[in-house]
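I have placed the structure first, in the form of structure tokens, so that the comments after it can refer back to it.
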Amino acid sequence: MTTLRTALCQFTAATDPEENLRTIDVMAAQAAREGAQLAVFPEAAMARFGIPLGPVAQPLDGPWAEGVRGIARLHGLTVVAGMFTPSSDGRVTNTLIATGPDVDAAYDKIHLYDAFGFSESDTVAPGEKVVTIDVAGVRVGLATCYDVRFPELFRAHADEGAVLSVLPASWGAGPLKLDHWRLLTRARALDATLWVAAVGQAPPGPDGDIRQPTKAPTGVGHSLLVGPDGQVREEAGEATELIVADVDADEVAKVRRAVAVLDNRRL
């Protein structure tokens, strides 16, 4: 049996990238102690939405990304975390850094959150490339938040051999948004018959109501690990939380034999 021990590292990002780097270090250390090979952190783990992003953006060879690489080396695992990098057009790019043993990659969010009264594209430039990585012999696709509403990206991961898609997010609060989150992550797992590790920001403040819209998408918690059969295997609450679970790559092949939706496609 081929398994990838995966940590879902849910927390509330602060506005200070250095403070967030310290949080990532602490959670990565805990994940490593529990045997994790892959630790997934939320979108905007570098700095939360709701502040000017230009001043915090750094290139992939800058100090924040190097800090993430150092954490991955120190704890001997692969880390995926959301950050912001400068774009050539004056905006920033919503980027996932993926770094660890034999891995040094980045994914720029393709589908920007121009929905529910928020316009991410005003300040963020879209990515264009599908990205997969190999972690301990398991192929993993990278996606970010609003990407979950576009099933073709997750099928593209599967077409490139992925058995797991990781989905860092900072999900917007509001009526039915938690329902959307659960439904969409399960649907994408079924569309592509793969695992989905969806890791969200915990909502800021102990008294926040995730049913009430916020000016910026600052998270609703409820990180999820969904199996290739669409069943939720693990789910966090709304507070900071770390969940470590095994992703069984062989289960993907079993489900694909039973429900061959990828092979049966006509379009």
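All residue names refer to the structure tokens as shown: chains lettered A, B, ... in order, residues numbered from 1 in each chain, ligands numbered from 1 in order.
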Query raised in the report: Got a sec: who's within 6 Å of stretch 38-48 of chain A, counting only C-alpha atoms, leaving out chain neighbours fewer than 5 positions off, as a list in words?
Result: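 That gives Thr6, Ala7, Leu8, Cys9, Ala13, Ala14, Thr15, Pro17, Leu77, Thr78, Val79, Val80, Ala81, Gly82, Met83, Pro168, Ala169, Ser170, Val199, Gly200 and Gln201 of chain A.
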Requested in this report: Write out as JSON, numbers by chain all residues of stretch 175-220 of chain A that backbone DSSP assigns to strand (DSSP E or B).
Outcome: {"A": [195, 196, 197, 198, 199, 200]}
Could you write those residues out with C-alpha atoms, as a PDB file, in the first residue's frame?
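Saved result, selection-v1.pdb, follows:
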ATOM      1  CA  TRP A 195      -8.121  12.774  -2.801  1.00  0.00           C
ATOM      2  CA  VAL A 196      -8.629  16.450  -1.934  1.00  0.00           C
ATOM      3  CA  ALA A 197      -6.835  18.043   1.007  1.00  0.00           C
ATOM      4  CA  ALA A 198      -8.558  21.406   1.414  1.00  0.00           C
ATOM      5  CA  VAL A 199      -6.864  23.553   4.057  1.00  0.00           C
ATOM      6  CA  GLY A 200      -8.528  26.821   5.010  1.00  0.00           C
TER       7      GLY A 200
END
Report task. Go through A:Gly67, A:Pro86, A:Pro203, A:Pro217 and flag the residue nearest A:Phe49, using only C-alpha atoms for the distances. Result -> A:Pro217
Query raised in the report: atom CA of A:Glu234 and atom CA of A:Pro213, how far apart in Å?
Result: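 Spanning atom CA of A:Pro213 to atom CA of A:Glu234 is a straight-line distance of 25.6 Å.
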Could you give me the residues within stretch 131-251 of chain A that DSSP places in helix (DSSP H, G or I), as a tab-separated table (two decimals) with N, CA, C and O atoms, in the first residue's frame?
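Listing of states.tsv after writing:
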chain	number	residue	atom	x	y	z
A	145	CYS	N	-8.11	27.78	-3.41
A	145	CYS	CA	-9.39	28.40	-3.04
A	145	CYS	C	-10.43	28.40	-4.17
A	145	CYS	O	-11.03	27.37	-4.45
A	146	TYR	N	-10.62	29.54	-4.84
A	146	TYR	CA	-11.68	29.69	-5.85
A	146	TYR	C	-11.51	28.71	-7.01
A	146	TYR	O	-12.47	28.41	-7.72
A	147	ASP	N	-10.30	28.18	-7.20
A	147	ASP	CA	-10.09	27.13	-8.19
A	147	ASP	C	-11.06	25.97	-8.01
A	147	ASP	O	-11.35	25.24	-8.97
A	148	VAL	N	-11.54	25.76	-6.79
A	148	VAL	CA	-12.38	24.60	-6.51
A	148	VAL	C	-13.69	24.64	-7.29
A	148	VAL	O	-14.35	23.61	-7.46
A	149	ARG	N	-14.07	25.80	-7.79
A	149	ARG	CA	-15.30	25.91	-8.57
A	149	ARG	C	-15.09	25.54	-10.04
A	149	ARG	O	-16.04	25.63	-10.83
A	151	PRO	N	-13.95	22.42	-12.19
A	151	PRO	CA	-13.57	20.99	-12.14
A	151	PRO	C	-12.49	20.62	-13.13
A	151	PRO	O	-11.75	19.65	-12.91
A	152	GLU	N	-12.36	21.37	-14.23
A	152	GLU	CA	-11.37	21.01	-15.24
A	152	GLU	C	-9.94	21.05	-14.70
A	152	GLU	O	-9.08	20.29	-15.15
A	153	LEU	N	-9.67	21.89	-13.71
A	153	LEU	CA	-8.32	21.94	-13.15
A	153	LEU	C	-8.00	20.64	-12.42
A	153	LEU	O	-6.89	20.09	-12.53
A	154	PHE	N	-8.94	20.11	-11.68
A	154	PHE	CA	-8.71	18.89	-10.92
A	154	PHE	C	-8.62	17.68	-11.84
A	154	PHE	O	-7.84	16.76	-11.59
A	155	ARG	N	-9.37	17.70	-12.93
A	155	ARG	CA	-9.21	16.64	-13.94
A	155	ARG	C	-7.85	16.74	-14.60
A	155	ARG	O	-7.24	15.72	-14.94
A	156	ALA	N	-7.35	17.97	-14.79
A	156	ALA	CA	-6.01	18.14	-15.33
A	156	ALA	C	-4.96	17.56	-14.38
A	156	ALA	O	-3.98	16.96	-14.83
A	157	HIS	N	-5.16	17.73	-13.08
A	157	HIS	CA	-4.27	17.08	-12.12
A	157	HIS	C	-4.27	15.57	-12.33
A	157	HIS	O	-3.21	14.92	-12.38
A	158	ALA	N	-5.47	15.00	-12.44
A	158	ALA	CA	-5.57	13.55	-12.62
A	158	ALA	C	-4.91	13.12	-13.92
A	158	ALA	O	-4.23	12.09	-13.98
A	159	ASP	N	-5.10	13.90	-14.98
A	159	ASP	CA	-4.50	13.56	-16.27
A	159	ASP	C	-2.98	13.56	-16.20
A	159	ASP	O	-2.30	12.88	-16.98
A	177	LYS	N	-21.98	29.65	2.59
A	177	LYS	CA	-20.63	29.48	2.08
A	177	LYS	C	-19.96	28.20	2.62
A	177	LYS	O	-19.20	27.54	1.91
A	178	LEU	N	-20.23	27.86	3.87
A	178	LEU	CA	-19.68	26.61	4.38
A	178	LEU	C	-20.28	25.42	3.64
A	178	LEU	O	-19.57	24.45	3.34
A	179	ASP	N	-21.56	25.50	3.31
A	179	ASP	CA	-22.19	24.44	2.51
A	179	ASP	C	-21.50	24.33	1.15
A	179	ASP	O	-21.25	23.22	0.66
A	180	HIS	N	-21.22	25.47	0.53
A	180	HIS	CA	-20.52	25.46	-0.76
A	180	HIS	C	-19.16	24.79	-0.63
A	180	HIS	O	-18.75	23.99	-1.48
A	181	TRP	N	-18.44	25.14	0.42
A	181	TRP	CA	-17.10	24.60	0.65
A	181	TRP	C	-17.12	23.08	0.73
A	181	TRP	O	-16.36	22.40	0.05
A	182	ARG	N	-18.01	22.56	1.55
A	182	ARG	CA	-18.10	21.11	1.70
A	182	ARG	C	-18.54	20.45	0.40
A	182	ARG	O	-17.99	19.41	-0.01
A	183	LEU	N	-19.55	21.04	-0.25
A	183	LEU	CA	-20.08	20.45	-1.48
A	183	LEU	C	-19.03	20.45	-2.60
A	183	LEU	O	-18.82	19.44	-3.28
A	184	LEU	N	-18.35	21.58	-2.78
A	184	LEU	CA	-17.42	21.71	-3.89
A	184	LEU	C	-16.19	20.82	-3.72
A	184	LEU	O	-15.71	20.23	-4.69
A	185	THR	N	-15.67	20.73	-2.50
A	185	THR	CA	-14.50	19.87	-2.30
A	185	THR	C	-14.86	18.40	-2.55
A	185	THR	O	-14.07	17.65	-3.16
A	186	ARG	N	-16.03	17.99	-2.11
A	186	ARG	CA	-16.46	16.62	-2.35
A	186	ARG	C	-16.71	16.39	-3.84
A	186	ARG	O	-16.35	15.33	-4.39
A	187	ALA	N	-17.29	17.37	-4.51
A	187	ALA	CA	-17.57	17.22	-5.94
A	187	ALA	C	-16.29	17.11	-6.75
A	187	ALA	O	-16.19	16.31	-7.69
A	188	ARG	N	-15.28	17.90	-6.39
A	188	ARG	CA	-14.02	17.84	-7.14
A	188	ARG	C	-13.33	16.49	-6.94
A	188	ARG	O	-12.71	15.96	-7.87
A	189	ALA	N	-13.42	15.94	-5.74
A	189	ALA	CA	-12.87	14.61	-5.52
A	189	ALA	C	-13.56	13.58	-6.42
A	189	ALA	O	-12.91	12.72	-7.02
A	190	LEU	N	-14.88	13.70	-6.55
A	190	LEU	CA	-15.62	12.77	-7.40
A	190	LEU	C	-15.37	13.02	-8.88
A	190	LEU	O	-15.26	12.07	-9.66
A	191	ASP	N	-15.28	14.29	-9.28
A	191	ASP	CA	-15.03	14.61	-10.70
A	191	ASP	C	-13.75	13.96	-11.21
A	191	ASP	O	-13.68	13.48	-12.34
A	192	ALA	N	-12.72	14.01	-10.39
A	192	ALA	CA	-11.40	13.55	-10.81
A	192	ALA	C	-11.00	12.25	-10.15
A	192	ALA	O	-9.90	11.75	-10.41
A	249	ALA	N	-2.89	6.11	-1.74
A	249	ALA	CA	-2.85	6.27	-3.20
A	249	ALA	C	-3.50	5.10	-3.92
A	249	ALA	O	-4.09	5.26	-4.98
A	250	ASP	N	-3.41	3.89	-3.34
A	250	ASP	CA	-3.97	2.72	-3.99
A	250	ASP	C	-5.49	2.78	-4.05
A	250	ASP	O	-6.11	2.17	-4.93
A	251	GLU	N	-6.10	3.50	-3.11
A	251	GLU	CA	-7.56	3.61	-3.13
A	251	GLU	C	-8.05	4.34	-4.37
A	251	GLU	O	-9.15	4.07	-4.87
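The protein and nucleic acid residues lying at most 9 Å from A:Val252 are Val163, Leu164, Thr193, Leu194, Trp195, Gly227, Pro228, Asp229 and Arg257 of chain A, with only C-alpha atoms considered and sequence neighbours fewer than 5 positions away removed.
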Report task. Would you list the contacts of A:Lys109 as an MDAnalysis selection string, taking every protein, DNA or RNA residue within 10 Å and counting only C-alpha atoms, but skipping same-chain residues closer than 2 positions in sequence? Result -> chainID A and resid 43 82 93:96 106:107 111:113 124:130 142:147
Identify, on the basis of only C-alpha atoms, every residue whose closest approach to A:Gln30 does not exceed 10 Å; exclude the query and any residue fewer than 2 positions from it along the same chain; express the result as a PDB file with N, CA, C and O atoms, in the first residue's frame.
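Writing the result to part.pdb gives the following:
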ATOM      1  N   ALA A   7      -0.539  16.409   6.575  1.00  0.00           N
ATOM      2  CA  ALA A   7      -0.997  17.275   7.659  1.00  0.00           C
ATOM      3  C   ALA A   7      -1.787  18.448   7.096  1.00  0.00           C
ATOM      4  O   ALA A   7      -1.314  19.146   6.192  1.00  0.00           O
ATOM      5  N   CYS A   9      -2.908  21.927   8.075  1.00  0.00           N
ATOM      6  CA  CYS A   9      -2.431  22.884   9.077  1.00  0.00           C
ATOM      7  C   CYS A   9      -3.267  24.159   9.014  1.00  0.00           C
ATOM      8  O   CYS A   9      -2.940  25.120   8.307  1.00  0.00           O
ATOM      9  N   ILE A  24       4.035  28.746  11.045  1.00  0.00           N
ATOM     10  CA  ILE A  24       4.283  27.634  10.123  1.00  0.00           C
ATOM     11  C   ILE A  24       5.355  26.711  10.685  1.00  0.00           C
ATOM     12  O   ILE A  24       5.238  25.484  10.622  1.00  0.00           O
ATOM     13  N   ASP A  25       6.397  27.285  11.264  1.00  0.00           N
ATOM     14  CA  ASP A  25       7.474  26.488  11.856  1.00  0.00           C
ATOM     15  C   ASP A  25       6.936  25.606  12.982  1.00  0.00           C
ATOM     16  O   ASP A  25       7.228  24.396  13.044  1.00  0.00           O
ATOM     17  N   VAL A  26       6.152  26.180  13.874  1.00  0.00           N
ATOM     18  CA  VAL A  26       5.612  25.422  15.004  1.00  0.00           C
ATOM     19  C   VAL A  26       4.704  24.295  14.514  1.00  0.00           C
ATOM     20  O   VAL A  26       4.801  23.146  14.987  1.00  0.00           O
ATOM     21  N   MET A  27       3.836  24.589  13.551  1.00  0.00           N
ATOM     22  CA  MET A  27       2.903  23.572  13.085  1.00  0.00           C
ATOM     23  C   MET A  27       3.618  22.507  12.256  1.00  0.00           C
ATOM     24  O   MET A  27       3.274  21.320  12.322  1.00  0.00           O
ATOM     25  N   ALA A  28       4.610  22.912  11.474  1.00  0.00           N
ATOM     26  CA  ALA A  28       5.381  21.923  10.711  1.00  0.00           C
ATOM     27  C   ALA A  28       6.129  20.979  11.634  1.00  0.00           C
ATOM     28  O   ALA A  28       6.233  19.771  11.372  1.00  0.00           O
ATOM     29  N   ALA A  32       5.618  16.995  11.702  1.00  0.00           N
ATOM     30  CA  ALA A  32       6.728  16.059  11.557  1.00  0.00           C
ATOM     31  C   ALA A  32       6.756  15.057  12.708  1.00  0.00           C
ATOM     32  O   ALA A  32       7.032  13.861  12.507  1.00  0.00           O
ATOM     33  N   ARG A  33       6.480  15.519  13.918  1.00  0.00           N
ATOM     34  CA  ARG A  33       6.459  14.605  15.069  1.00  0.00           C
ATOM     35  C   ARG A  33       5.396  13.526  14.906  1.00  0.00           C
ATOM     36  O   ARG A  33       5.531  12.411  15.419  1.00  0.00           O
ATOM     37  N   GLU A  34       4.324  13.857  14.186  1.00  0.00           N
ATOM     38  CA  GLU A  34       3.252  12.890  13.942  1.00  0.00           C
ATOM     39  C   GLU A  34       3.459  12.104  12.662  1.00  0.00           C
ATOM     40  O   GLU A  34       2.562  11.398  12.197  1.00  0.00           O
ATOM     41  N   GLY A  35       4.653  12.235  12.084  1.00  0.00           N
ATOM     42  CA  GLY A  35       5.016  11.408  10.939  1.00  0.00           C
ATOM     43  C   GLY A  35       4.600  11.935   9.584  1.00  0.00           C
ATOM     44  O   GLY A  35       4.680  11.202   8.579  1.00  0.00           O
ATOM     45  N   ALA A  36       4.163  13.193   9.508  1.00  0.00           N
ATOM     46  CA  ALA A  36       3.714  13.743   8.231  1.00  0.00           C
ATOM     47  C   ALA A  36       4.871  13.860   7.243  1.00  0.00           C
ATOM     48  O   ALA A  36       5.988  14.222   7.608  1.00  0.00           O
ATOM     49  N   ALA A  39       2.961  18.767   4.606  1.00  0.00           N
ATOM     50  CA  ALA A  39       2.216  19.693   5.464  1.00  0.00           C
ATOM     51  C   ALA A  39       1.636  20.797   4.594  1.00  0.00           C
ATOM     52  O   ALA A  39       2.378  21.515   3.921  1.00  0.00           O
ATOM     53  N   HIS A  75      12.544  20.203   9.306  1.00  0.00           N
ATOM     54  CA  HIS A  75      11.614  19.191   9.812  1.00  0.00           C
ATOM     55  C   HIS A  75      11.491  17.983   8.882  1.00  0.00           C
ATOM     56  O   HIS A  75      10.759  17.035   9.189  1.00  0.00           O
ATOM     57  N   LEU A 242      -4.613  21.182  13.741  1.00  0.00           N
ATOM     58  CA  LEU A 242      -3.752  20.391  12.873  1.00  0.00           C
ATOM     59  C   LEU A 242      -4.275  18.969  12.850  1.00  0.00           C
ATOM     60  O   LEU A 242      -4.476  18.353  13.898  1.00  0.00           O
ATOM     61  N   VAL A 244      -3.551  15.197  11.060  1.00  0.00           N
ATOM     62  CA  VAL A 244      -2.635  14.358  10.296  1.00  0.00           C
ATOM     63  C   VAL A 244      -3.349  13.056   9.959  1.00  0.00           C
ATOM     64  O   VAL A 244      -3.921  12.397  10.834  1.00  0.00           O
TER      65      VAL A 244
END
Query raised in the report: Using only C-alpha atoms, which residue out of A:Ser223, A:Thr218, A:Thr3, A:Thr123 lies closest to A:Thr240?
Result: A:Ser223
